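**Student:** Encoded as structure tokens, here's the structure I'll be asking about.
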Amino acid sequence: MKLVILDRDGTINVDSDEFIKSPEEWQPLAGSLEAIARLNHAGWHVAVASNQSGLGRGLFDVASLNAIHAKMHKAVSALGGRIDAVFYCPHSPDEGCRCRKPLPGLFEQIGERFGVDLSTVPVVGDTVRDIQAGAAVGCQPNLVLTGKGAAWRGKTLPAEFPEGTRVHENLLAFADWLVTKSAPPKPAV
């Protein structure tokens, strides 16, 4: 199975320091939904791994989070794509859980659910903690220069980024790279 793991806020949708608390606040980044559909059409399954500490902080409830994700699924579906599963950490930063990125708990859950060797799985995010969490279980690290990743535009990544981290302008650029990279060679004429 070809699987890719995406961060949500700042990678798929606009991020907010005030948290995304309602479906109305959830707005896709330009090209991100098309990127997911492109990945799907090339045979890739898509899982989302997202810290949602707003739940633990009491800023929104599970019903609101489900409504946000329903909007996301519907928007992706309208373009012929799908997100196979959404995994999220509901804990606040001080709860000491194993699922809050940069710890790898969400990725371990995804690996178990899909039964895949995570060393074959690209992870895409806009922060070092997204990339570190995936790399901790062997995922292939990819940074997008959207959301918080925009701070790295034109700069050399510091040592806290896992070795081999690839940088992409946005999720659509990542999808184009991955689909092209994984396409079978064309037969010689």
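Identifiers in the structure tokens: chain A, B, ... in order shown; residue index from 1 per chain; ligand index from 1 in order shown.
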Could you please write out, as a PyMOL selection string, every residue of chain A that DSSP assigns to alpha helix (DSSP H)?
**Tutor:** chain A and resi 32-41+53-56+62-77+105-114+128-135+171-182
**Student:** Please identify every residue of segment 125-186 of chain A that has at least one atom no farther than 12 Å from an atom of segment 29-46 of chain A, counting only C-alpha atoms, and for each give the shortest atom pair and the distance in Å to one decimal, arranged by chain then increasing number, as a Markdown table.
**Tutor:**
```
| residue | atom | partner | partner_atom | distance |
| --- | --- | --- | --- | --- |
| A:Val144 | CA | A:Ser32 | CA | 11.0 |
| A:Leu145 | CA | A:Leu29 | CA | 11.6 |
| A:Thr146 | CA | A:Leu29 | CA | 8.3 |
| A:Gly147 | CA | A:Leu29 | CA | 9.0 |
| A:Glu169 | CA | A:Gly31 | CA | 11.1 |
| A:Asn170 | CA | A:Ser32 | CA | 7.7 |
| A:Leu171 | CA | A:Ser32 | CA | 5.5 |
| A:Leu172 | CA | A:Ala35 | CA | 4.5 |
| A:Ala173 | CA | A:Ala35 | CA | 8.0 |
| A:Phe174 | CA | A:Ala35 | CA | 8.0 |
| A:Ala175 | CA | A:Ala35 | CA | 5.5 |
| A:Asp176 | CA | A:Ala35 | CA | 7.7 |
| A:Trp177 | CA | A:Leu39 | CA | 10.3 |
| A:Leu178 | CA | A:Leu39 | CA | 8.1 |
| A:Val179 | CA | A:Ala42 | CA | 6.4 |
| A:Thr180 | CA | A:Ala42 | CA | 9.5 |
| A:Lys181 | CA | A:Ala42 | CA | 11.1 |
| A:Ser182 | CA | A:Ala42 | CA | 8.8 |
| A:Ala183 | CA | A:Ala42 | CA | 8.1 |
| A:Pro184 | CA | A:Ala42 | CA | 10.8 |
```
**Student:** Residues as selected, C-alpha atoms, written as an mmCIF file, in the first residue's frame, can you do that?
**Tutor:**
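Once everything was written out, this is out.cif:
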```cif
data_model
loop_
_atom_site.group_PDB
_atom_site.id
_atom_site.type_symbol
_atom_site.label_atom_id
_atom_site.label_comp_id
_atom_site.auth_asym_id
_atom_site.auth_seq_id
_atom_site.Cartn_x
_atom_site.Cartn_y
_atom_site.Cartn_z
ATOM 1 C CA VAL A 144 6.206 22.527 3.028
ATOM 2 C CA LEU A 145 6.818 26.284 3.012
ATOM 3 C CA THR A 146 3.216 27.066 3.960
ATOM 4 C CA GLY A 147 1.848 27.816 7.421
ATOM 5 C CA GLU A 169 6.826 25.158 -1.904
ATOM 6 C CA ASN A 170 3.427 23.734 -0.870
ATOM 7 C CA LEU A 171 1.432 20.503 -0.748
ATOM 8 C CA LEU A 172 0.711 20.600 -4.472
ATOM 9 C CA ALA A 173 4.441 20.868 -5.236
ATOM 10 C CA PHE A 174 5.039 17.889 -2.931
ATOM 11 C CA ALA A 175 2.301 15.870 -4.671
ATOM 12 C CA ASP A 176 3.743 16.708 -8.097
ATOM 13 C CA TRP A 177 7.210 15.614 -6.909
ATOM 14 C CA LEU A 178 5.960 12.372 -5.316
ATOM 15 C CA VAL A 179 3.737 11.361 -8.237
ATOM 16 C CA THR A 180 6.517 12.044 -10.730
ATOM 17 C CA LYS A 181 9.106 10.259 -8.561
ATOM 18 C CA SER A 182 6.921 7.182 -8.067
ATOM 19 C CA ALA A 183 5.560 6.940 -11.618
ATOM 20 C CA PRO A 184 6.662 3.840 -13.514
#
```
**Student:** Which of segment 6-184 of chain A end up as strand (DSSP E) when DSSP is run on this backbone - answer as a list in words?
**Tutor:**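 Filtering segment 6-184 of chain A down to strand (DSSP E) leaves Leu6, Trp44, His45, Val46, Ala47, Val48, Ala49, Ser50, Asn51, Ala85, Val86, Phe87, Tyr88, Cys89, Pro122, Val123, Val124, Gly125, Gln140, Pro141, Asn142, Leu143, Val144, Arg166, Val167 and His168 of chain A.
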**Student:** Any idea what's packed within 12 Å of Gly10 of chain A, counting only C-alpha atoms, ignoring anything in its chain fewer than 3 positions away? Could you give it as a ChimeraX atom specification?
**Tutor:** /A:6-7,13-17,19-20,26-30,32,50-51,124-127,130,143-151,170-171
**Student:** So that I can check the surroundings of Ile68 of chain A, please list as a PDB file with all heavy atoms, in the first residue's frame every protein, DNA and RNA residue that reaches within 10 Å of it, counting only C-alpha atoms and ignoring chain neighbours fewer than 3 positions away.
**Tutor:**
```
ATOM      1  N   ILE A  20      -7.971  26.554  15.026  1.00  0.00           N
ATOM      2  CA  ILE A  20      -9.117  26.390  14.129  1.00  0.00           C
ATOM      3  C   ILE A  20     -10.196  25.728  14.980  1.00  0.00           C
ATOM      4  O   ILE A  20     -10.084  24.555  15.338  1.00  0.00           O
ATOM      5  CB  ILE A  20      -8.745  25.511  12.911  1.00  0.00           C
ATOM      6  CG1 ILE A  20      -7.523  26.077  12.175  1.00  0.00           C
ATOM      7  CG2 ILE A  20      -9.941  25.350  11.974  1.00  0.00           C
ATOM      8  CD1 ILE A  20      -7.686  27.487  11.638  1.00  0.00           C
ATOM      9  N   LYS A  21     -11.240  26.477  15.335  1.00  0.00           N
ATOM     10  CA  LYS A  21     -12.219  26.025  16.317  1.00  0.00           C
ATOM     11  C   LYS A  21     -13.581  25.664  15.735  1.00  0.00           C
ATOM     12  O   LYS A  21     -14.430  25.131  16.431  1.00  0.00           O
ATOM     13  CB  LYS A  21     -12.395  27.101  17.392  1.00  0.00           C
ATOM     14  CG  LYS A  21     -11.106  27.466  18.103  1.00  0.00           C
ATOM     15  CD  LYS A  21     -11.274  28.606  19.088  1.00  0.00           C
ATOM     16  CE  LYS A  21     -11.560  29.949  18.467  1.00  0.00           C
ATOM     17  NZ  LYS A  21     -10.551  30.482  17.560  1.00  0.00           N
ATOM     18  N   SER A  22     -13.792  25.985  14.447  1.00  0.00           N
ATOM     19  CA  SER A  22     -15.107  25.745  13.845  1.00  0.00           C
ATOM     20  C   SER A  22     -14.934  25.470  12.354  1.00  0.00           C
ATOM     21  O   SER A  22     -13.913  25.842  11.769  1.00  0.00           O
ATOM     22  CB  SER A  22     -16.005  26.971  14.041  1.00  0.00           C
ATOM     23  OG  SER A  22     -15.533  28.038  13.246  1.00  0.00           O
ATOM     24  N   PRO A  23     -15.945  24.869  11.739  1.00  0.00           N
ATOM     25  CA  PRO A  23     -15.869  24.662  10.285  1.00  0.00           C
ATOM     26  C   PRO A  23     -15.698  25.967   9.520  1.00  0.00           C
ATOM     27  O   PRO A  23     -15.018  26.003   8.494  1.00  0.00           O
ATOM     28  CB  PRO A  23     -17.203  23.993   9.946  1.00  0.00           C
ATOM     29  CG  PRO A  23     -17.653  23.367  11.214  1.00  0.00           C
ATOM     30  CD  PRO A  23     -17.145  24.255  12.318  1.00  0.00           C
ATOM     31  N   GLU A  24     -16.275  27.056  10.018  1.00  0.00           N
ATOM     32  CA  GLU A  24     -16.164  28.344   9.338  1.00  0.00           C
ATOM     33  C   GLU A  24     -14.711  28.834   9.319  1.00  0.00           C
ATOM     34  O   GLU A  24     -14.293  29.515   8.388  1.00  0.00           O
ATOM     35  CB  GLU A  24     -17.063  29.398  10.013  1.00  0.00           C
ATOM     36  CG  GLU A  24     -18.546  29.096   9.903  1.00  0.00           C
ATOM     37  CD  GLU A  24     -19.012  27.967  10.839  1.00  0.00           C
ATOM     38  OE1 GLU A  24     -18.436  27.785  11.926  1.00  0.00           O
ATOM     39  OE2 GLU A  24     -19.955  27.246  10.446  1.00  0.00           O
ATOM     40  N   GLU A  25     -13.954  28.498  10.352  1.00  0.00           N
ATOM     41  CA  GLU A  25     -12.549  28.926  10.433  1.00  0.00           C
ATOM     42  C   GLU A  25     -11.626  28.045   9.589  1.00  0.00           C
ATOM     43  O   GLU A  25     -10.502  28.439   9.300  1.00  0.00           O
ATOM     44  CB  GLU A  25     -12.074  28.918  11.886  1.00  0.00           C
ATOM     45  CG  GLU A  25     -12.750  29.955  12.749  1.00  0.00           C
ATOM     46  CD  GLU A  25     -12.326  29.898  14.203  1.00  0.00           C
ATOM     47  OE1 GLU A  25     -11.453  29.087  14.568  1.00  0.00           O
ATOM     48  OE2 GLU A  25     -12.891  30.673  14.994  1.00  0.00           O
ATOM     49  N   TRP A  26     -12.087  26.864   9.215  1.00  0.00           N
ATOM     50  CA  TRP A  26     -11.257  25.951   8.427  1.00  0.00           C
ATOM     51  C   TRP A  26     -11.312  26.381   6.962  1.00  0.00           C
ATOM     52  O   TRP A  26     -12.362  26.342   6.328  1.00  0.00           O
ATOM     53  CB  TRP A  26     -11.738  24.503   8.569  1.00  0.00           C
ATOM     54  CG  TRP A  26     -10.818  23.541   7.886  1.00  0.00           C
ATOM     55  CD1 TRP A  26      -9.741  22.917   8.424  1.00  0.00           C
ATOM     56  CD2 TRP A  26     -10.874  23.113   6.514  1.00  0.00           C
ATOM     57  NE1 TRP A  26      -9.108  22.137   7.485  1.00  0.00           N
ATOM     58  CE2 TRP A  26      -9.780  22.239   6.295  1.00  0.00           C
ATOM     59  CE3 TRP A  26     -11.719  23.394   5.444  1.00  0.00           C
ATOM     60  CZ2 TRP A  26      -9.525  21.636   5.074  1.00  0.00           C
ATOM     61  CZ3 TRP A  26     -11.458  22.791   4.220  1.00  0.00           C
ATOM     62  CH2 TRP A  26     -10.381  21.918   4.041  1.00  0.00           C
ATOM     63  N   GLN A  27     -10.167  26.803   6.429  1.00  0.00           N
ATOM     64  CA  GLN A  27     -10.075  27.238   5.030  1.00  0.00           C
ATOM     65  C   GLN A  27      -8.889  26.531   4.385  1.00  0.00           C
ATOM     66  O   GLN A  27      -7.762  26.616   4.891  1.00  0.00           O
ATOM     67  CB  GLN A  27      -9.893  28.752   4.941  1.00  0.00           C
ATOM     68  CG  GLN A  27     -11.058  29.550   5.509  1.00  0.00           C
ATOM     69  CD  GLN A  27     -12.359  29.274   4.785  1.00  0.00           C
ATOM     70  OE1 GLN A  27     -12.393  29.144   3.566  1.00  0.00           O
ATOM     71  NE2 GLN A  27     -13.446  29.163   5.541  1.00  0.00           N
ATOM     72  N   VAL A  62     -15.277  17.855  20.708  1.00  0.00           N
ATOM     73  CA  VAL A  62     -15.116  16.827  19.684  1.00  0.00           C
ATOM     74  C   VAL A  62     -16.152  17.005  18.571  1.00  0.00           C
ATOM     75  O   VAL A  62     -15.843  16.780  17.400  1.00  0.00           O
ATOM     76  CB  VAL A  62     -15.180  15.412  20.300  1.00  0.00           C
ATOM     77  CG1 VAL A  62     -15.196  14.347  19.223  1.00  0.00           C
ATOM     78  CG2 VAL A  62     -13.988  15.195  21.228  1.00  0.00           C
ATOM     79  N   ALA A  63     -17.360  17.429  18.918  1.00  0.00           N
ATOM     80  CA  ALA A  63     -18.388  17.645  17.887  1.00  0.00           C
ATOM     81  C   ALA A  63     -17.923  18.724  16.894  1.00  0.00           C
ATOM     82  O   ALA A  63     -18.106  18.578  15.678  1.00  0.00           O
ATOM     83  CB  ALA A  63     -19.714  18.039  18.526  1.00  0.00           C
ATOM     84  N   SER A  64     -17.308  19.785  17.396  1.00  0.00           N
ATOM     85  CA  SER A  64     -16.794  20.842  16.505  1.00  0.00           C
ATOM     86  C   SER A  64     -15.654  20.309  15.642  1.00  0.00           C
ATOM     87  O   SER A  64     -15.589  20.602  14.445  1.00  0.00           O
ATOM     88  CB  SER A  64     -16.303  22.036  17.317  1.00  0.00           C
ATOM     89  OG  SER A  64     -17.373  22.616  18.027  1.00  0.00           O
ATOM     90  N   LEU A  65     -14.752  19.521  16.253  1.00  0.00           N
ATOM     91  CA  LEU A  65     -13.650  18.944  15.489  1.00  0.00           C
ATOM     92  C   LEU A  65     -14.187  18.020  14.401  1.00  0.00           C
ATOM     93  O   LEU A  65     -13.722  18.060  13.260  1.00  0.00           O
ATOM     94  CB  LEU A  65     -12.685  18.194  16.407  1.00  0.00           C
ATOM     95  CG  LEU A  65     -11.439  17.628  15.728  1.00  0.00           C
ATOM     96  CD1 LEU A  65     -10.586  18.728  15.116  1.00  0.00           C
ATOM     97  CD2 LEU A  65     -10.630  16.815  16.725  1.00  0.00           C
ATOM     98  N   LYS A  71     -16.199  18.951   6.950  1.00  0.00           N
ATOM     99  CA  LYS A  71     -16.030  19.971   5.911  1.00  0.00           C
ATOM    100  C   LYS A  71     -14.805  19.659   5.055  1.00  0.00           C
ATOM    101  O   LYS A  71     -14.853  19.757   3.825  1.00  0.00           O
ATOM    102  CB  LYS A  71     -15.902  21.360   6.543  1.00  0.00           C
ATOM    103  CG  LYS A  71     -15.693  22.468   5.518  1.00  0.00           C
ATOM    104  CD  LYS A  71     -15.561  23.835   6.177  1.00  0.00           C
ATOM    105  CE  LYS A  71     -15.335  24.924   5.129  1.00  0.00           C
ATOM    106  NZ  LYS A  71     -15.166  26.252   5.754  1.00  0.00           N
ATOM    107  N   MET A  72     -13.709  19.257   5.696  1.00  0.00           N
ATOM    108  CA  MET A  72     -12.485  18.928   4.974  1.00  0.00           C
ATOM    109  C   MET A  72     -12.718  17.744   4.040  1.00  0.00           C
ATOM    110  O   MET A  72     -12.351  17.792   2.864  1.00  0.00           O
ATOM    111  CB  MET A  72     -11.362  18.621   5.974  1.00  0.00           C
ATOM    112  CG  MET A  72     -10.037  18.250   5.337  1.00  0.00           C
ATOM    113  SD  MET A  72      -8.701  18.046   6.565  1.00  0.00           S
ATOM    114  CE  MET A  72      -9.245  16.564   7.429  1.00  0.00           C
ATOM    115  N   HIS A  73     -13.345  16.687   4.553  1.00  0.00           N
ATOM    116  CA  HIS A  73     -13.621  15.504   3.724  1.00  0.00           C
ATOM    117  C   HIS A  73     -14.506  15.860   2.529  1.00  0.00           C
ATOM    118  O   HIS A  73     -14.254  15.420   1.398  1.00  0.00           O
ATOM    119  CB  HIS A  73     -14.295  14.406   4.559  1.00  0.00           C
ATOM    120  CG  HIS A  73     -13.379  13.690   5.486  1.00  0.00           C
ATOM    121  ND1 HIS A  73     -12.341  12.893   5.064  1.00  0.00           N
ATOM    122  CD2 HIS A  73     -13.350  13.645   6.838  1.00  0.00           C
ATOM    123  CE1 HIS A  73     -11.713  12.382   6.114  1.00  0.00           C
ATOM    124  NE2 HIS A  73     -12.302  12.832   7.199  1.00  0.00           N
TER     125      HIS A  73
END
```
**Student:** Near Cys139 of chain A, within 10 Å and counting only C-alpha atoms, which residues show up once chain neighbours fewer than 2 positions away are dropped, as a count of residues only?
**Tutor:** 20
**Student:** Can you work out which one of A:Thr165, A:Ser77, A:Gln140, A:Ser92 has the shortest atom-to-atom distance to Ser53 of chain A, counting only C-alpha atoms?
**Tutor:** A:Ser92
**Student:** Using only C-alpha atoms, can you tell me which of A:Val167, A:Leu59, A:Leu157, A:Leu106 comes closest to Phe87 of chain A?
**Tutor:**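 Of A:Val167, A:Leu59, A:Leu157, A:Leu106, the one nearest Phe87 of chain A, counting only C-alpha atoms, is A:Leu106.
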**Student:** How many Å lie between atom CA of Phe114 of chain A and atom CA of Glu163 of chain A, rounded to one decimal?
**Tutor:** 25.5 Å
**Student:** Mind giving me the straight-line distance from atom CA of Pro90 of chain A to atom CA of Gln52 of chain A in Å, one decimal?
**Tutor:**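 According to the coordinates, atom CA of Pro90 of chain A and atom CA of Gln52 of chain A are separated by 5.1 Å.
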**Student:** Which residue gives the smallest distance to Met1 of chain A among A:Ala67, A:Cys89, A:Val116, A:Cys97, with only C-alpha atoms counted?
**Tutor:** A:Val116
**Student:** Taking only C-alpha atoms into account, which of A:Glu160, A:Glu112, A:Asp94, A:Asp9 comes nearest Gly56 of chain A?
**Tutor:**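 Nearest candidate to Gly56 of chain A out of A:Glu160, A:Glu112, A:Asp94, A:Asp9: A:Asp94.
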**Student:** For atom CA of Glu108 of chain A and atom CA of Ala75 of chain A, determine how far apart the two atoms are, in Å to one decimal place.
**Tutor:**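 That distance, rounded to one decimal, is 27.3 Å.
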